[in-house]
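Visitor: For reference, the structure I am asking about is given below.
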Amino acid sequence: MSNAIKLLGISGSIRKNAFNTIILETLAAKIADQASLVIFPLNDIPLYNQDEDGDASPESVQKLRQAIADVDGVIIASPEYIYGIPGVLKNALDWVSRPHGKSTLIGKPVLTMTASPSFTGGARAQAQLNEAVTAIGGRLILRPQAIIPSVHEKIKDGKLADEATLAFLENGIADLIGEIQRIDRAA
């Protein structure tokens, strides 16, 4: 699999057994024959401080930026907190957006998804997430929203177990991989 597609997963939650992290882990196992999906934890990303940005940015931030640079595409899975994305994810995106006009996310294909115990599945957070990714210059995969309502009922034994949801998310990843392949062919 040396020529395999490399994907980076970013979960918008840092809590232990976070639904969105479990979803990414489940997807990593499901798509292993098509692509590698490595999850980058946001636990060590400090609050954004422009005084610490640039060449002297924190090591964890440099690692996040490099992790994005080293992959073909990114999957961001987020919960919804108070009708928006969690502060930890917004903060990471603030760091990733820098330096202005030179972000490693610029032009990178990005698939977004949200999951929530609510019946809306994090739809408002996804709108906010999509807007942030677009503002940074990420190449948002345009497709039906990947929102997962009642996520707490779809996780069993530490895995996303709902087959319909899994199939929908796998189709989203197929769209992401298709976009990556189109970019490769054009290059």
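Naming scheme: A, B, ... for chains in displayed order of the structure tokens; residues 1 onward per chain; ligands 1 onward as shown.
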Contacts of range 173-176 of chain A at 10 Å or less, counting only C-alpha atoms, minus same-chain residues fewer than 3 places along, as a compact mmCIF listing (two decimals) with N, CA and C atoms, in the first residue's frame?
Guide:
```
# COMPACT_ATOMS: atom_id res chain seq x y z
N LEU A 7 -5.12 9.74 4.36
CA LEU A 7 -6.11 10.67 4.91
C LEU A 7 -5.78 10.98 6.36
N LEU A 27 -14.34 4.23 10.73
CA LEU A 27 -14.13 4.45 9.30
C LEU A 27 -12.72 4.05 8.87
N ILE A 31 -12.20 1.42 5.73
CA ILE A 31 -11.64 1.82 4.44
C ILE A 31 -10.17 1.43 4.29
N GLN A 34 -8.67 0.79 0.98
CA GLN A 34 -8.71 1.88 -0.01
C GLN A 34 -7.76 3.02 0.33
N ALA A 35 -7.60 3.27 1.63
CA ALA A 35 -6.82 4.42 2.08
C ALA A 35 -6.42 4.22 3.54
N ASP A 72 -3.23 13.29 1.57
CA ASP A 72 -3.95 13.64 0.34
C ASP A 72 -5.28 14.33 0.62
N GLY A 73 -5.86 14.06 1.78
CA GLY A 73 -7.16 14.63 2.12
C GLY A 73 -7.40 14.57 3.62
N VAL A 74 -8.39 15.32 4.07
CA VAL A 74 -8.69 15.45 5.48
C VAL A 74 -10.17 15.16 5.73
N ILE A 75 -10.44 14.46 6.83
CA ILE A 75 -11.82 14.25 7.28
C ILE A 75 -11.93 14.90 8.65
N PRO A 109 -8.39 18.53 -0.28
CA PRO A 109 -9.77 18.04 -0.20
C PRO A 109 -10.16 17.72 1.25
N VAL A 110 -11.32 18.21 1.65
CA VAL A 110 -11.79 18.04 3.03
C VAL A 110 -13.24 17.55 3.02
N LEU A 111 -13.46 16.48 3.75
CA LEU A 111 -14.81 15.96 3.99
C LEU A 111 -15.18 16.30 5.43
N THR A 112 -16.33 16.91 5.63
CA THR A 112 -16.77 17.24 6.98
C THR A 112 -17.98 16.38 7.36
N ARG A 139 -10.50 22.50 0.13
CA ARG A 139 -11.33 22.11 -1.03
C ARG A 139 -12.47 21.23 -0.50
N LEU A 140 -13.54 21.86 -0.07
CA LEU A 140 -14.67 21.17 0.55
C LEU A 140 -15.33 20.21 -0.44
N ILE A 141 -15.55 18.97 -0.01
CA ILE A 141 -16.22 17.99 -0.84
C ILE A 141 -17.71 18.31 -0.82
N LEU A 142 -18.23 18.66 -1.97
CA LEU A 142 -19.63 19.05 -2.06
C LEU A 142 -20.48 17.80 -2.27
N ARG A 143 -21.33 17.55 -1.31
CA ARG A 143 -22.19 16.36 -1.33
C ARG A 143 -23.26 16.57 -0.27
N ALA A 167 -22.70 3.20 5.68
CA ALA A 167 -22.74 3.19 4.21
C ALA A 167 -22.72 4.62 3.67
N PHE A 168 -23.49 5.52 4.30
CA PHE A 168 -23.53 6.92 3.86
C PHE A 168 -22.16 7.57 4.01
N LEU A 169 -21.51 7.33 5.15
CA LEU A 169 -20.19 7.92 5.39
C LEU A 169 -19.14 7.33 4.45
N GLU A 170 -19.23 6.04 4.19
CA GLU A 170 -18.31 5.42 3.23
C GLU A 170 -18.49 6.02 1.84
N GLU A 179 -12.22 12.79 -5.51
CA GLU A 179 -11.69 14.15 -5.71
C GLU A 179 -10.16 14.13 -5.67
N ILE A 180 -9.59 13.37 -4.74
CA ILE A 180 -8.13 13.25 -4.65
C ILE A 180 -7.58 12.67 -5.96
N GLN A 181 -8.23 11.65 -6.48
CA GLN A 181 -7.78 11.02 -7.73
C GLN A 181 -7.91 11.97 -8.91
N ARG A 182 -8.97 12.79 -8.93
CA ARG A 182 -9.12 13.79 -9.99
C ARG A 182 -7.97 14.81 -9.94
```
Visitor: Show which residues sit within 10 Å of Ile82 in chain A, as a list in words. Count only C-alpha atoms, and ignore same-chain residues fewer than 2 positions away.
Guide: Pro79, Glu80, Gly84, Ile85, Pro86, Gly122, Arg124 and Ala125 of chain A
Visitor: Would you put the residues from that selection into a file with C-alpha atoms, as a tab-separated table (two decimals), in the first residue's frame?
Guide:
```tsv
chain	number	residue	atom	x	y	z
A	79	PRO	CA	-19.87	17.45	17.65
A	80	GLU	CA	-22.16	20.45	18.04
A	84	GLY	CA	-21.58	25.55	16.68
A	85	ILE	CA	-18.27	23.75	16.52
A	86	PRO	CA	-16.39	23.15	19.77
A	122	GLY	CA	-25.03	18.78	14.43
A	124	ARG	CA	-25.65	23.93	12.58
A	125	ALA	CA	-22.09	22.99	13.56
```
Visitor: If you run DSSP over the backbone, which residues in range 45-167 of chain A end up strand (DSSP E)? Put them as a list in words.
Guide: Gly73, Val74, Ile75, Ile76, Ala77, Ser78, Pro109, Val110, Leu111, Thr112, Met113, Thr114, Ala115, Arg139, Leu140, Ala146, Ile147, Ile148, Ile155, Lys156, Lys159 and Leu160 of chain A
Visitor: What would the file look like if the residues just selected were written as a PDB file, in the first residue's frame with C-alpha atoms?
Guide:
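Saved as selection20.pdb:
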```pdb
ATOM      1  CA  GLY A  73      -7.158  14.626   2.125  1.00  0.00           C
ATOM      2  CA  VAL A  74      -8.693  15.451   5.485  1.00  0.00           C
ATOM      3  CA  ILE A  75     -11.815  14.248   7.283  1.00  0.00           C
ATOM      4  CA  ILE A  76     -13.094  16.477  10.078  1.00  0.00           C
ATOM      5  CA  ALA A  77     -15.717  15.024  12.423  1.00  0.00           C
ATOM      6  CA  SER A  78     -17.280  17.395  14.921  1.00  0.00           C
ATOM      7  CA  PRO A 109      -9.771  18.041  -0.203  1.00  0.00           C
ATOM      8  CA  VAL A 110     -11.787  18.038   3.026  1.00  0.00           C
ATOM      9  CA  LEU A 111     -14.811  15.965   3.988  1.00  0.00           C
ATOM     10  CA  THR A 112     -16.774  17.239   6.980  1.00  0.00           C
ATOM     11  CA  MET A 113     -19.225  15.379   9.180  1.00  0.00           C
ATOM     12  CA  THR A 114     -21.004  16.064  12.428  1.00  0.00           C
ATOM     13  CA  ALA A 115     -22.596  13.845  15.025  1.00  0.00           C
ATOM     14  CA  ARG A 139     -11.335  22.109  -1.029  1.00  0.00           C
ATOM     15  CA  LEU A 140     -14.670  21.171   0.546  1.00  0.00           C
ATOM     16  CA  ALA A 146     -22.914  13.974   6.573  1.00  0.00           C
ATOM     17  CA  ILE A 147     -24.823  14.512   9.793  1.00  0.00           C
ATOM     18  CA  ILE A 148     -25.402  11.764  12.327  1.00  0.00           C
ATOM     19  CA  ILE A 155     -22.362   3.481  18.835  1.00  0.00           C
ATOM     20  CA  LYS A 156     -22.085  -0.101  20.103  1.00  0.00           C
ATOM     21  CA  LYS A 159     -17.746   1.306  17.145  1.00  0.00           C
ATOM     22  CA  LEU A 160     -20.223   3.020  14.881  1.00  0.00           C
TER      23      LEU A 160
END
```
Visitor: Can you pull out every residue from range 122-174 of chain A that DSSP, working from the backbone, puts in helix (DSSP H, G or I), and format the result as a tab-separated table (two decimals) with C-alpha atoms, in the first residue's frame?
Guide:
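Wrote it out as selection07.tsv, contents follow:
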```tsv
chain	number	residue	atom	x	y	z
A	123	ALA	CA	-26.30	20.42	11.24
A	124	ARG	CA	-25.65	23.93	12.58
A	125	ALA	CA	-22.09	22.99	13.56
A	126	GLN	CA	-21.52	21.53	10.12
A	127	ALA	CA	-22.55	24.80	8.49
A	128	GLN	CA	-20.07	26.64	10.69
A	129	LEU	CA	-17.35	24.05	10.04
A	130	ASN	CA	-17.87	24.20	6.27
A	131	GLU	CA	-17.65	27.98	6.37
A	132	ALA	CA	-14.36	27.86	8.31
A	133	VAL	CA	-12.82	25.24	5.99
A	134	THR	CA	-13.85	27.30	2.96
A	135	ALA	CA	-12.45	30.50	4.50
A	136	ILE	CA	-9.10	28.77	5.03
A	151	VAL	CA	-25.30	9.22	17.59
A	152	HIS	CA	-25.40	7.80	21.13
A	153	GLU	CA	-27.81	5.13	19.85
A	163	GLU	CA	-25.11	0.14	8.85
A	164	ALA	CA	-27.07	2.85	7.02
A	165	THR	CA	-24.93	5.58	8.58
A	166	LEU	CA	-21.74	3.67	7.84
A	167	ALA	CA	-22.74	3.19	4.21
A	168	PHE	CA	-23.53	6.92	3.86
A	169	LEU	CA	-20.19	7.92	5.39
A	170	GLU	CA	-18.31	5.42	3.23
A	171	ASN	CA	-19.96	7.03	0.18
A	172	GLY	CA	-18.68	10.38	1.44
A	173	ILE	CA	-15.17	8.97	1.70
A	174	ALA	CA	-15.54	7.55	-1.81
```
Visitor: Using only C-alpha atoms, find the one residue out of A:Val61, A:Ala4, A:Ile10, A:Leu105 that sits nearest to Asp44 in chain A.
Guide: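 Residue with the minimum atom-to-atom distance to Asp44 in chain A: A:Val61.
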Visitor: One decimal, in Å: what's the spacing between CA of Lys6 in chain A and CA of Pro149 in chain A?
Guide: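 Taking CA of Lys6 in chain A and CA of Pro149 in chain A, their separation equals 27.8 Å.
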Visitor: Taking only C-alpha atoms into account, name the residue in A:Thr104, A:Ser97, A:Asn43, A:Ser150 that is nearest to Gly121 in chain A.
Guide: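 Closest to Gly121 in chain A, using only C-alpha atoms: A:Ser150.
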